[in-house]
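Colleague: my_file_2.csv is the file, holding CSV, C-alpha atoms:
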```
chain,number,residue,atom,x,y,z
K,61,MET,CA,-20.7,-7.2,2.8
K,62,ASP,CA,-21.2,-10.3,4.9
K,63,ALA,CA,-24.9,-10.4,4.1
K,64,VAL,CA,-24.2,-10.2,0.3
K,65,VAL,CA,-21.6,-13.0,0.6
K,66,LYS,CA,-24.1,-15.1,2.5
K,67,LYS,CA,-26.8,-14.6,-0.1
K,68,ILE,CA,-24.4,-15.6,-2.9
K,69,ILE,CA,-23.4,-18.7,-1.0
K,70,MET,CA,-27.0,-19.7,-0.5
K,71,GLU,CA,-27.5,-19.4,-4.3
K,72,VAL,CA,-24.4,-21.6,-4.9
K,73,LYS,CA,-25.6,-24.1,-2.3
K,74,LYS,CA,-28.9,-24.3,-4.2
K,75,GLY,CA,-27.0,-25.2,-7.3
K,76,ASP,CA,-26.6,-21.9,-9.1
K,77,GLN,CA,-23.2,-22.3,-10.6
K,78,GLN,CA,-23.1,-18.8,-12.1
K,79,ALA,CA,-23.4,-17.2,-8.7
K,80,PHE,CA,-20.0,-18.7,-7.8
K,81,ALA,CA,-18.4,-16.4,-10.3
K,82,GLU,CA,-19.4,-13.5,-8.0
K,83,LEU,CA,-17.6,-15.1,-5.1
K,84,VAL,CA,-14.5,-15.6,-7.3
K,85,GLU,CA,-14.5,-12.0,-8.3
K,86,LEU,CA,-14.8,-10.9,-4.7
K,87,TYR,CA,-11.9,-13.0,-3.3
K,88,LYS,CA,-9.6,-13.7,-6.2
K,89,ASP,CA,-7.0,-11.1,-5.4
K,90,LYS,CA,-6.7,-12.0,-1.8
K,91,VAL,CA,-6.5,-15.7,-2.5
K,92,TYR,CA,-4.0,-15.1,-5.3
K,93,GLN,CA,-2.0,-12.9,-3.0
K,94,ILE,CA,-1.8,-15.7,-0.4
K,95,SER,CA,-0.7,-18.3,-2.8
K,96,TYR,CA,1.7,-15.9,-4.6
K,97,ARG,CA,3.5,-14.8,-1.4
K,98,MET,CA,3.6,-18.4,-0.1
K,99,LEU,CA,5.0,-19.8,-3.3
K,100,GLY,CA,6.8,-16.8,-4.9
K,101,ASN,CA,6.0,-18.0,-8.4
K,102,VAL,CA,3.3,-16.6,-10.7
K,103,HIS,CA,2.4,-19.9,-12.4
K,104,GLU,CA,2.2,-22.0,-9.3
K,105,ALA,CA,0.3,-19.2,-7.5
K,106,GLN,CA,-2.3,-19.1,-10.2
K,107,ASP,CA,-2.6,-22.9,-10.2
K,108,VAL,CA,-3.0,-23.1,-6.4
K,109,ALA,CA,-5.4,-20.1,-6.2
K,110,GLN,CA,-7.6,-21.8,-8.9
K,111,GLU,CA,-7.5,-25.1,-7.1
K,112,ALA,CA,-8.5,-23.3,-3.9
K,113,PHE,CA,-11.7,-22.0,-5.6
K,114,LEU,CA,-12.5,-25.4,-7.1
K,115,ARG,CA,-12.1,-27.0,-3.7
K,116,ALA,CA,-14.3,-24.4,-2.2
K,117,TYR,CA,-17.0,-25.0,-4.8
K,118,THR,CA,-17.0,-28.8,-4.5
K,119,ASN,CA,-17.0,-28.6,-0.7
K,120,ILE,CA,-19.5,-25.8,-0.4
K,121,ASP,CA,-21.9,-28.0,1.4
K,122,SER,CA,-19.4,-28.5,4.3
K,123,TYR,CA,-19.0,-24.8,4.7
K,124,ASP,CA,-20.6,-23.6,8.0
K,125,MET,CA,-22.7,-20.5,7.3
K,126,ASN,CA,-22.2,-19.2,10.8
K,127,ARG,CA,-18.5,-18.7,10.2
K,128,LYS,CA,-16.8,-16.2,8.0
K,129,PHE,CA,-16.5,-17.3,4.4
K,130,SER,CA,-13.1,-15.6,3.9
K,131,THR,CA,-11.6,-17.5,6.8
K,132,TRP,CA,-12.7,-20.8,5.4
K,133,LEU,CA,-11.5,-19.9,1.9
K,134,PHE,CA,-8.1,-18.6,3.1
K,135,ARG,CA,-7.7,-21.8,5.1
K,136,ILE,CA,-8.1,-23.9,1.9
K,137,ALA,CA,-5.7,-21.6,0.0
K,138,THR,CA,-3.1,-21.7,2.8
K,139,ASN,CA,-3.2,-25.5,3.2
K,140,LEU,CA,-2.9,-26.0,-0.6
K,141,SER,CA,0.1,-23.6,-0.7
K,142,ILE,CA,1.8,-25.5,2.1
K,143,ASP,CA,1.1,-28.8,0.4
K,144,ARG,CA,2.6,-27.5,-2.8
K,145,ILE,CA,5.7,-26.2,-1.0
K,146,ARG,CA,6.2,-29.7,0.6
K,147,LYS,CA,5.9,-31.4,-2.8
K,148,LYS,CA,8.1,-28.9,-4.6
K,149,LYS,CA,11.2,-30.1,-6.2
K,150,PRO,CA,14.3,-28.2,-5.3
K,151,ASP,CA,14.8,-25.2,-7.5
K,152,PHE,CA,17.2,-25.6,-10.4
K,153,HIS,CA,20.3,-23.4,-10.6
K,154,LEU,CA,21.2,-21.0,-13.3
K,155,ASP,CA,24.6,-22.5,-13.3
K,156,ASP,CA,23.2,-25.9,-14.2
K,157,PRO,CA,24.0,-27.1,-17.8
K,158,VAL,CA,21.0,-27.0,-20.1
K,159,GLY,CA,20.0,-30.5,-21.0
K,160,GLY,CA,21.2,-31.7,-24.5
K,161,THR,CA,23.9,-29.0,-24.8
K,162,GLU,CA,27.6,-29.1,-23.8
K,163,ASP,CA,28.6,-26.0,-22.1
K,164,LEU,CA,25.5,-23.8,-22.2
K,165,THR,CA,24.1,-22.8,-18.8
K,166,TYR,CA,20.7,-21.3,-18.1
K,167,TYR,CA,22.3,-17.9,-18.0
K,168,SER,CA,22.4,-18.0,-21.8
K,169,GLN,CA,18.7,-18.8,-22.0
K,170,ILE,CA,17.7,-15.5,-20.3
K,171,ALA,CA,16.7,-12.7,-22.7
K,172,ALA,CA,18.5,-9.4,-22.2
K,173,ASP,CA,16.6,-7.3,-19.7
K,174,GLU,CA,14.5,-4.5,-21.2
K,175,GLU,CA,15.6,-1.0,-20.2
K,176,LEU,CA,13.4,0.3,-17.4
K,177,PRO,CA,13.4,3.8,-16.0
K,178,GLU,CA,15.8,3.9,-13.1
K,179,ASP,CA,13.4,4.6,-10.3
K,180,LYS,CA,11.2,1.7,-11.7
K,181,VAL,CA,14.2,-0.6,-11.6
K,182,VAL,CA,14.9,0.4,-8.0
K,183,GLN,CA,11.3,-0.1,-7.0
K,184,TYR,CA,11.0,-3.3,-8.8
K,185,GLU,CA,14.2,-4.6,-7.3
K,186,MET,CA,13.0,-3.6,-3.9
K,187,GLN,CA,9.8,-5.5,-4.3
K,188,GLU,CA,11.6,-8.5,-5.7
K,189,TRP,CA,14.0,-8.5,-2.8
K,190,ILE,CA,11.3,-8.2,-0.1
K,191,GLN,CA,9.3,-10.9,-1.9
K,192,ASN,CA,12.3,-13.2,-1.9
K,193,GLU,CA,13.0,-12.6,1.7
K,194,ILE,CA,9.4,-13.5,2.6
K,195,ALA,CA,9.7,-16.6,0.4
K,196,ALA,CA,12.9,-17.5,2.2
K,197,LEU,CA,11.1,-17.7,5.6
K,198,PRO,CA,10.2,-21.2,6.9
K,199,PRO,CA,6.6,-21.9,5.7
K,200,LYS,CA,5.1,-21.8,9.2
K,201,TYR,CA,6.4,-18.3,9.8
K,202,ARG,CA,5.7,-17.3,6.2
K,203,SER,CA,2.0,-18.0,6.4
K,204,ALA,CA,1.6,-16.1,9.7
K,205,ILE,CA,3.4,-13.0,8.4
K,206,ILE,CA,1.5,-13.0,5.1
K,207,LEU,CA,-1.9,-13.2,6.8
K,208,LYS,CA,-1.0,-10.6,9.4
K,209,TYR,CA,0.8,-8.0,7.3
K,210,LEU,CA,-0.4,-8.5,3.7
K,211,GLU,CA,-4.0,-9.6,4.3
K,212,ASP,CA,-4.4,-7.4,7.5
K,213,LEU,CA,-6.2,-10.1,9.4
K,214,SER,CA,-6.7,-10.2,13.2
K,215,LEU,CA,-4.8,-12.8,15.3
K,216,LYS,CA,-8.1,-14.6,15.9
K,217,GLU,CA,-8.8,-15.0,12.2
K,218,ILE,CA,-5.3,-16.1,11.6
K,219,ALA,CA,-5.6,-18.7,14.4
K,220,GLU,CA,-8.7,-20.0,12.7
K,221,ILE,CA,-7.2,-20.2,9.3
K,222,LEU,CA,-4.1,-21.9,10.5
K,223,ASN,CA,-6.1,-24.1,12.9
K,224,MET,CA,-3.9,-23.3,16.0
K,225,PRO,CA,-4.2,-21.3,19.2
K,226,VAL,CA,-3.8,-17.6,19.2
K,227,ALA,CA,-0.7,-17.9,21.4
K,228,THR,CA,1.0,-20.0,18.7
K,229,VAL,CA,0.2,-17.5,16.0
K,230,LYS,CA,1.8,-14.8,18.1
K,231,THR,CA,4.9,-16.7,18.6
K,232,ARG,CA,5.1,-17.4,14.8
K,233,ILE,CA,4.6,-13.8,14.0
K,234,HIS,CA,7.3,-12.8,16.5
K,235,ARG,CA,9.8,-15.3,15.1
K,236,GLY,CA,9.0,-14.4,11.5
K,237,ARG,CA,9.5,-10.8,12.3
K,238,GLU,CA,12.8,-11.5,13.9
K,239,ALA,CA,14.0,-13.6,10.9
K,240,LEU,CA,13.0,-10.8,8.5
K,241,ARG,CA,14.5,-8.1,10.6
K,242,LYS,CA,17.9,-9.8,10.4
K,243,ARG,CA,17.7,-10.1,6.6
K,244,LEU,CA,16.1,-6.7,5.9
K,245,ARG,CA,17.9,-4.4,8.3
K,246,ASN,CA,20.8,-3.7,6.0
K,247,SER,CA,18.8,-2.1,3.3
L,289,MET,CA,19.9,-6.8,19.4
L,290,ALA,CA,17.8,-6.5,22.6
L,291,CYS,CA,19.9,-6.3,25.7
L,292,GLU,CA,18.3,-9.3,27.4
L,293,LYS,CA,16.1,-12.2,26.4
L,294,THR,CA,13.1,-11.0,28.4
L,295,LYS,CA,13.5,-7.6,26.8
L,296,MET,CA,13.1,-9.1,23.4
L,297,GLU,CA,9.7,-10.5,24.3
L,298,ASP,CA,8.9,-7.1,25.7
L,299,LEU,CA,9.8,-5.5,22.4
L,300,HIS,CA,7.3,-7.6,20.5
L,301,LYS,CA,4.6,-7.0,23.1
L,302,TYR,CA,5.3,-3.3,22.9
L,303,LEU,CA,5.1,-3.5,19.1
L,304,ASP,CA,1.8,-5.3,19.2
L,305,GLU,CA,0.4,-2.9,21.8
L,306,GLU,CA,-0.2,-5.7,24.3
L,307,MET,CA,1.2,-4.0,27.3
L,308,THR,CA,-0.6,-2.5,30.2
L,309,LEU,CA,-0.2,1.2,30.7
L,310,LEU,CA,2.3,0.7,33.5
L,311,GLU,CA,4.4,-1.8,31.5
L,312,LYS,CA,4.4,0.5,28.6
L,313,LYS,CA,5.6,3.4,30.6
L,314,GLN,CA,8.4,1.4,32.2
L,315,PHE,CA,9.5,0.0,28.8
L,316,GLU,CA,9.6,3.4,27.2
L,317,GLN,CA,11.8,4.6,30.0
L,318,HIS,CA,14.1,1.6,29.3
L,319,LEU,CA,14.2,2.4,25.6
L,320,VAL,CA,15.5,5.9,26.4
L,321,THR,CA,18.4,4.5,28.3
L,322,CYS,CA,19.1,1.4,26.2
L,323,GLY,CA,20.5,2.0,22.7
L,324,GLU,CA,20.4,-1.7,21.8
L,325,CYS,CA,16.7,-2.2,22.5
L,326,GLU,CA,15.9,1.1,20.8
L,327,LYS,CA,17.8,0.0,17.6
L,328,HIS,CA,16.1,-3.3,17.7
L,329,LEU,CA,12.7,-1.7,17.8
L,330,ARG,CA,13.6,0.6,15.0
L,331,GLU,CA,14.7,-2.3,12.8
L,332,LEU,CA,11.5,-4.2,13.6
L,333,ARG,CA,9.3,-1.2,12.6
L,334,LYS,CA,11.3,-0.8,9.4
L,335,THR,CA,10.9,-4.5,8.6
L,336,ILE,CA,7.1,-4.3,9.1
L,337,ALA,CA,6.9,-1.2,6.9
L,338,LEU,CA,9.0,-2.9,4.2
L,339,VAL,CA,6.8,-6.0,4.2
L,340,GLN,CA,3.6,-3.9,4.0
L,341,SER,CA,5.1,-1.8,1.2
L,342,THR,CA,5.1,-4.7,-1.2
L,343,SER,CA,2.3,-3.6,-3.5
L,344,HIS,CA,-0.7,-5.8,-3.4
L,345,VAL,CA,-0.7,-8.3,-6.2
L,346,GLU,CA,-3.7,-8.9,-8.4
L,347,ALA,CA,-5.0,-12.1,-9.9
L,348,PRO,CA,-4.6,-12.4,-13.7
L,349,ALA,CA,-7.5,-10.9,-15.7
L,350,ASP,CA,-8.8,-14.3,-17.0
L,351,PHE,CA,-8.7,-15.8,-13.5
L,352,THR,CA,-12.5,-16.0,-12.9
L,353,ALA,CA,-13.2,-17.3,-16.4
L,354,ASN,CA,-10.6,-20.0,-15.9
L,355,VAL,CA,-12.1,-21.1,-12.6
L,356,MET,CA,-15.6,-21.1,-14.0
L,357,GLY,CA,-14.4,-23.2,-16.9
L,358,LYS,CA,-13.0,-25.8,-14.6
L,359,LEU,CA,-16.0,-26.3,-12.4
L,360,PRO,CA,-17.5,-29.7,-12.5
L,361,ALA,CA,-20.5,-30.0,-14.8
L,362,GLN,CA,-23.7,-29.4,-13.0
L,363,LYS,CA,-26.2,-32.1,-12.4
L,364,LYS,CA,-29.1,-31.7,-14.9
L,365,SER,CA,-31.8,-31.8,-12.2
L,366,LYS,CA,-30.1,-29.0,-10.3
L,367,LYS,CA,-29.8,-27.0,-13.5
L,368,TYR,CA,-33.6,-27.4,-14.1
L,369,LYS,CA,-34.3,-26.5,-10.5
L,370,THR,CA,-32.3,-23.3,-10.8
L,371,TRP,CA,-34.0,-22.5,-14.0
L,372,MET,CA,-37.4,-23.1,-12.6
L,373,ARG,CA,-36.7,-20.9,-9.6
L,374,LYS,CA,-35.7,-18.1,-11.9
L,375,HIS,CA,-38.7,-18.4,-14.2
L,376,PRO,CA,-41.8,-18.9,-12.0
L,377,PHE,CA,-44.3,-17.6,-14.7
L,378,ILE,CA,-43.1,-20.1,-17.3
L,379,LEU,CA,-43.4,-22.8,-14.7
L,380,ALA,CA,-46.9,-21.7,-13.8
L,381,ALA,CA,-47.9,-21.7,-17.5
L,382,ALA,CA,-46.4,-25.2,-18.0
L,383,VAL,CA,-48.3,-26.5,-15.0
L,384,PHE,CA,-51.5,-25.0,-16.3
L,385,MET,CA,-50.9,-26.5,-19.8
L,386,LEU,CA,-50.3,-29.9,-18.2
L,387,LEU,CA,-53.5,-29.8,-16.3
L,388,PHE,CA,-55.4,-28.5,-19.3
L,389,VAL,CA,-54.0,-31.3,-21.5
L,390,THR,CA,-54.7,-34.0,-19.0
L,391,SER,CA,-58.3,-32.9,-18.3
L,392,VAL,CA,-59.0,-32.6,-22.0
L,393,SER,CA,-57.5,-35.9,-22.8
L,394,SER,CA,-59.5,-37.6,-20.0
L,395,LEU,CA,-62.6,-36.1,-21.5
L,396,TRP,CA,-61.5,-37.5,-24.9
L,397,SER,CA,-60.9,-41.0,-23.6
L,398,GLY,CA,-63.5,-40.7,-20.8
L,399,GLY,CA,-66.3,-41.0,-23.3
L,400,GLY,CA,-65.2,-44.6,-23.6
L,401,SER,CA,-66.1,-46.6,-26.6
L,402,HIS,CA,-69.8,-46.6,-25.9
L,403,ILE,CA,-71.9,-44.9,-28.5
L,404,SER,CA,-73.9,-42.0,-27.1
L,405,VAL,CA,-76.3,-39.6,-28.8
L,406,GLN,CA,-77.5,-36.1,-27.9
L,407,GLY,CA,-80.6,-34.8,-29.6
L,408,GLN,CA,-84.4,-34.7,-29.7
L,409,GLY,CA,-86.6,-37.0,-31.8
L,410,ASN,CA,-87.1,-40.5,-32.8
L,411,PHE,CA,-84.0,-42.3,-33.8
L,412,HIS,CA,-82.8,-45.7,-32.9
L,413,ILE,CA,-79.4,-47.1,-32.0
L,414,ASP,CA,-78.0,-50.2,-33.6
L,415,GLU,CA,-75.5,-51.4,-31.1
L,416,THR,CA,-74.2,-54.3,-33.0
L,417,ARG,CA,-73.2,-52.1,-35.9
L,418,ASN,CA,-72.4,-49.1,-33.7
L,419,VAL,CA,-74.7,-46.9,-35.8
L,420,VAL,CA,-77.4,-44.4,-35.0
L,421,VAL,CA,-80.2,-44.6,-37.5
L,422,VAL,CA,-82.6,-41.8,-38.2
L,423,PRO,CA,-85.4,-43.7,-40.0
L,424,ALA,CA,-87.1,-42.5,-43.1
L,425,GLY,CA,-90.0,-40.2,-42.4
L,426,GLU,CA,-88.7,-39.1,-39.0
L,427,THR,CA,-87.7,-35.5,-38.3
L,428,ILE,CA,-85.2,-34.4,-35.7
L,429,GLU,CA,-86.1,-30.9,-34.5
L,430,GLY,CA,-82.7,-29.8,-33.2
L,431,ASP,CA,-79.1,-30.7,-33.5
L,432,LEU,CA,-77.7,-34.2,-33.3
L,433,ILE,CA,-74.4,-35.1,-31.7
L,434,ILE,CA,-73.1,-38.7,-32.0
L,435,ARG,CA,-70.0,-39.9,-30.1
L,436,ASN,CA,-68.1,-43.1,-30.9
L,437,GLY,CA,-70.3,-44.2,-33.7
L,438,ASP,CA,-71.5,-43.6,-37.2
L,439,VAL,CA,-74.9,-42.2,-38.2
L,440,GLU,CA,-77.2,-43.1,-41.0
L,441,ILE,CA,-79.7,-40.4,-41.9
L,442,GLU,CA,-82.7,-41.5,-43.9
L,443,GLY,CA,-85.1,-39.0,-42.5
L,444,GLU,CA,-84.6,-35.2,-41.8
L,445,VAL,CA,-82.5,-33.3,-39.4
L,446,LEU,CA,-83.4,-29.6,-39.0
L,447,GLY,CA,-80.3,-28.7,-37.0
L,448,ASN,CA,-76.6,-29.5,-37.3
L,449,VAL,CA,-75.2,-33.0,-37.3
L,450,THR,CA,-71.9,-33.6,-35.4
L,451,VAL,CA,-70.1,-36.9,-35.5
L,452,ILE,CA,-67.3,-37.4,-33.0
L,453,ASN,CA,-65.1,-40.5,-33.7
L,454,GLY,CA,-67.4,-41.8,-36.4
L,455,GLU,CA,-68.8,-41.0,-39.9
L,456,PRO,CA,-72.1,-39.7,-41.1
L,457,TYR,CA,-73.9,-41.5,-44.0
L,458,LEU,CA,-76.6,-39.5,-45.7
L,459,ALA,CA,-79.1,-41.7,-47.5
L,460,SER,CA,-80.4,-40.3,-50.8
L,461,ALA,CA,-83.7,-39.6,-49.2
L,462,GLY,CA,-82.1,-38.1,-46.1
L,463,TYR,CA,-81.9,-34.4,-45.4
L,464,ILE,CA,-79.8,-32.2,-43.1
L,465,ALA,CA,-80.8,-28.6,-42.8
L,466,GLY,CA,-77.7,-27.5,-40.8
L,467,GLU,CA,-74.0,-28.2,-41.1
L,468,THR,CA,-72.4,-31.6,-40.9
L,469,ASN,CA,-69.3,-31.9,-38.8
L,470,GLU,CA,-67.1,-34.9,-38.6
L,471,ILE,CA,-64.5,-34.9,-35.8
L,472,ASN,CA,-61.9,-37.6,-35.8
L,473,GLN,CA,-58.7,-35.6,-34.8
L,474,ILE,CA,-58.0,-34.7,-31.3
L,475,LEU,CA,-57.1,-31.2,-32.3
L,476,SER,CA,-60.3,-30.5,-34.1
L,477,TRP,CA,-62.1,-32.1,-31.2
L,478,ILE,CA,-60.4,-29.7,-28.8
L,479,TRP,CA,-61.4,-26.8,-31.1
L,480,TYR,CA,-65.0,-28.1,-31.1
L,481,GLU,CA,-65.1,-28.4,-27.3
L,482,THR,CA,-63.7,-24.9,-26.9
L,483,LYS,CA,-66.2,-23.5,-29.4
L,484,SER,CA,-69.1,-25.2,-27.6
L,485,PHE,CA,-67.8,-24.1,-24.2
L,486,PHE,CA,-67.7,-20.5,-25.3
L,487,GLY,CA,-71.0,-21.0,-27.0
L,488,GLU,CA,-72.5,-22.1,-23.7
L,489,VAL,CA,-71.0,-19.1,-21.9
L,490,VAL,CA,-72.5,-16.8,-24.4
L,491,ASN,CA,-75.9,-18.6,-24.0
L,492,VAL,CA,-75.7,-18.2,-20.2
L,493,PHE,CA,-75.0,-14.5,-20.6
L,494,ASN,CA,-77.9,-14.2,-23.0
L,495,GLY,CA,-80.2,-15.9,-20.5
L,496,LYS,CA,-81.1,-18.7,-22.8
L,497,SER,CA,-79.3,-21.2,-20.6
L,498,GLU,CA,-79.6,-24.8,-21.4
L,499,GLU,CA,-83.0,-24.9,-23.1
L,500,ALA,CA,-81.6,-25.7,-26.4
L,501,ARG,CA,-79.7,-28.7,-25.2
L,502,THR,CA,-81.9,-31.1,-23.4
L,503,ASN,CA,-82.3,-34.9,-23.5
L,504,SER,CA,-78.7,-35.6,-23.1
L,505,ALA,CA,-78.5,-39.2,-22.4
L,506,PRO,CA,-75.7,-41.7,-22.9
L,507,PHE,CA,-76.8,-45.1,-24.3
L,508,SER,CA,-75.1,-48.3,-23.4
```
Can I see the file as structure tokens?
Modeller:
Amino acid sequence: MDAVVKKIIMEVKKGDQQAFAELVELYKDKVYQISYRMLGNVHEAQDVAQEAFLRAYTNIDSYDMNRKFSTWLFRIATNLSIDRIRKKKPDFHLDDPVGGTEDLTYYSQIAADEELPEDKVVQYEMQEWIQNEIAALPPKYRSAIILKYLEDLSLKEIAEILNMPVATVKTRIHRGREALRKRLRNS
Amino acid sequence: MACEKTKMEDLHKYLDEEMTLLEKKQFEQHLVTCGECEKHLRELRKTIALVQSTSHVEAPADFTANVMGKLPAQKKSKKYKTWMRKHPFILAAAVFMLLFVTSVSSLWSGGGSHISVQGQGNFHIDETRNVVVVPAGETIEGDLIIRNGDVEIEGEVLGNVTVINGEPYLASAGYIAGETNEINQILSWIWYETKSFFGEVVNVFNGKSEEARTNSAPFS
């Protein structure tokens, strides 16, 4: 796997643009997962994940071949996600009046939900709920939890991605776990 | 909630399997007796299981195409380099063609503008008019090749007459037994060189070698 990735990167460094498509195929789901879990929004997640790959392409010369490519790529994705969270405007509320109308709220803009089989609804709601709880974590705990439990990375890799000592990563995972426990224990 | 603050740290250490065997044994004994810590541990395990249960999301189907469409345009030189690396034979053929064309064109221009004649017999060269004259009554036994000049034939030529970069004039009394070739275009000249090259090769193989083509002397 690593040898294959290295070979592709060599091609990209030599200027073969098409070879980059193979890298995108290999890592798109993982990068998208990071940005989606960090941002909790499909459109923004897609935007940030694409941006991460574009940054990786334009900065490929600064990538050190002796290090793991995924670590470098995930670092770009995580940093971009955190930047986006910082810049994010506060979410609007469903109770807010719709601009240009008198007493319409956003509730009226939502299409009636399609009927889903009951177990699907339950599963979907469960997923939604967990996703929301992850998204409600402070970003510094959120990134550590996502990398640890959704990307299954080692503490050492997480430390490299987040550019901090392993001990700090541990603390963040512990705190993130505690925060989630308090919210999820009543399920 | 864990019974003490230190026990909470122990809980996480235990969960991450970072305890020594002794620490682990002692903590497990504590768990049996302490309901609070045991509950806390259960809740943490459940939390992790829930987080891990969120199905893995997949990037949209057109993701790769979108990224590739947004990549900055490649520098042309890089594109060529990539292309050349992928097509070594075309590159080799191109280099060969280039060498061939340059050597041929240097031959073409290498003759300079000096008139030169190849052939056996009595002829004379009029340099002021850039003309080779085969006087009346004279006979050229073999072929006659003239470069960079015209030829006036008043006598007889028993072989072929080839004029490169010039024109042949045949006087009414003149006679050419062979063919008359007039070469003024580079393409037909290349054709002529190729033909004569292969002709020589065939001659060499037939053992006739160069006997037929002696007295090759440029005149200045």
Colleague: Expressed in Å to a single decimal, how great is the separation between atom CA of K:Arg144 and atom CA of K:Ala109?
Modeller: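 That distance, rounded to one decimal, is 11.4 Å.
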Colleague: Can you check which residues of chain K have any atom within 8 Å of chain L? Use only C-alpha atoms and format it as a PyMOL selection string.
Modeller: chain K and resi 74-77+80-81+84-85+88-90+92-93+106+110+113-114+117+187+190-191+209-210+234+237-238+240-241+244-245
Colleague: What is the atom CA of L:Ile471 to atom CA of L:Val451 distance in Å?
Modeller: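 Going from atom CA of L:Ile471 over to atom CA of L:Val451, I get 6.0 Å.
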Colleague: One decimal, in Å: what's the spacing between atom CA of L:His375 and atom CA of L:Ser394?
Modeller: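 Here the two named atoms are 28.9 Å from each other.
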Colleague: Using only C-alpha atoms, which protein or nucleic acid residues come within 8 Å of K:Ala204? Drop anything in the same chain fewer than 2 positions from it, and give the result as a VMD selection string.
Modeller: chain K and resid 200 to 202 206 to 208 218 229 232 to 233 236
Colleague: Using all atoms listed in the file, which residue out of K:Arg127, K:Lys73, K:Arg97, K:Arg115 lies closest to K:Ile221?
Modeller: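 Smallest distance to K:Ile221 is found for K:Arg127.
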Colleague: From the set K:Leu222, K:Ala105, K:Met70, K:Leu83, which residue has the shortest atom-to-atom contact distance to K:Asp124, counting all atoms listed in the file?
Modeller: K:Met70
Colleague: Hey, what's within 12 Å of L:Val445 if we count all atoms listed in the file and toss same-chain stuff fewer than 6 positions away? As a PyMOL selection string, please?
Modeller: chain L and resi 407-411+421-433+439+458+461-468
Colleague: Could you write out the selected residues, including C-alpha atoms, as a PDB file, keeping the file's coordinate frame?
Modeller:
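What landed in part-v4.pdb:
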```
ATOM      1  CA  GLY L 407     -80.600 -34.800 -29.600  1.00  0.00           C
ATOM      2  CA  GLN L 408     -84.400 -34.700 -29.700  1.00  0.00           C
ATOM      3  CA  GLY L 409     -86.600 -37.000 -31.800  1.00  0.00           C
ATOM      4  CA  ASN L 410     -87.100 -40.500 -32.800  1.00  0.00           C
ATOM      5  CA  PHE L 411     -84.000 -42.300 -33.800  1.00  0.00           C
ATOM      6  CA  VAL L 421     -80.200 -44.600 -37.500  1.00  0.00           C
ATOM      7  CA  VAL L 422     -82.600 -41.800 -38.200  1.00  0.00           C
ATOM      8  CA  PRO L 423     -85.400 -43.700 -40.000  1.00  0.00           C
ATOM      9  CA  ALA L 424     -87.100 -42.500 -43.100  1.00  0.00           C
ATOM     10  CA  GLY L 425     -90.000 -40.200 -42.400  1.00  0.00           C
ATOM     11  CA  GLU L 426     -88.700 -39.100 -39.000  1.00  0.00           C
ATOM     12  CA  THR L 427     -87.700 -35.500 -38.300  1.00  0.00           C
ATOM     13  CA  ILE L 428     -85.200 -34.400 -35.700  1.00  0.00           C
ATOM     14  CA  GLU L 429     -86.100 -30.900 -34.500  1.00  0.00           C
ATOM     15  CA  GLY L 430     -82.700 -29.800 -33.200  1.00  0.00           C
ATOM     16  CA  ASP L 431     -79.100 -30.700 -33.500  1.00  0.00           C
ATOM     17  CA  LEU L 432     -77.700 -34.200 -33.300  1.00  0.00           C
ATOM     18  CA  ILE L 433     -74.400 -35.100 -31.700  1.00  0.00           C
ATOM     19  CA  VAL L 439     -74.900 -42.200 -38.200  1.00  0.00           C
ATOM     20  CA  LEU L 458     -76.600 -39.500 -45.700  1.00  0.00           C
ATOM     21  CA  ALA L 461     -83.700 -39.600 -49.200  1.00  0.00           C
ATOM     22  CA  GLY L 462     -82.100 -38.100 -46.100  1.00  0.00           C
ATOM     23  CA  TYR L 463     -81.900 -34.400 -45.400  1.00  0.00           C
ATOM     24  CA  ILE L 464     -79.800 -32.200 -43.100  1.00  0.00           C
ATOM     25  CA  ALA L 465     -80.800 -28.600 -42.800  1.00  0.00           C
ATOM     26  CA  GLY L 466     -77.700 -27.500 -40.800  1.00  0.00           C
ATOM     27  CA  GLU L 467     -74.000 -28.200 -41.100  1.00  0.00           C
ATOM     28  CA  THR L 468     -72.400 -31.600 -40.900  1.00  0.00           C
TER      29      THR L 468
END
```
Colleague: Since the input has fewer atoms than a full residue there, write stretch 346-351 of chain L out with N, CA and C atoms, as a PDB file, in the frame of the given file.
Modeller:
```
ATOM      1  N   GLU L 346      -2.383  -8.609  -7.933  1.00  0.00           N
ATOM      2  CA  GLU L 346      -3.700  -8.900  -8.400  1.00  0.00           C
ATOM      3  C   GLU L 346      -3.762 -10.154  -9.207  1.00  0.00           C
ATOM      4  N   ALA L 347      -4.861 -10.856  -9.110  1.00  0.00           N
ATOM      5  CA  ALA L 347      -5.000 -12.100  -9.900  1.00  0.00           C
ATOM      6  C   ALA L 347      -5.056 -11.734 -11.371  1.00  0.00           C
ATOM      7  N   PRO L 348      -4.600 -12.651 -12.253  1.00  0.00           N
ATOM      8  CA  PRO L 348      -4.600 -12.400 -13.700  1.00  0.00           C
ATOM      9  C   PRO L 348      -6.066 -12.081 -14.161  1.00  0.00           C
ATOM     10  N   ALA L 349      -6.175 -11.376 -15.268  1.00  0.00           N
ATOM     11  CA  ALA L 349      -7.500 -10.900 -15.700  1.00  0.00           C
ATOM     12  C   ALA L 349      -8.445 -12.065 -16.048  1.00  0.00           C
ATOM     13  N   ASP L 350      -7.903 -13.174 -16.577  1.00  0.00           N
ATOM     14  CA  ASP L 350      -8.800 -14.300 -17.000  1.00  0.00           C
ATOM     15  C   ASP L 350      -9.023 -15.274 -15.845  1.00  0.00           C
ATOM     16  N   PHE L 351      -8.675 -14.868 -14.633  1.00  0.00           N
ATOM     17  CA  PHE L 351      -8.700 -15.800 -13.500  1.00  0.00           C
ATOM     18  C   PHE L 351     -10.126 -16.397 -13.300  1.00  0.00           C
TER      19      PHE L 351
END
```
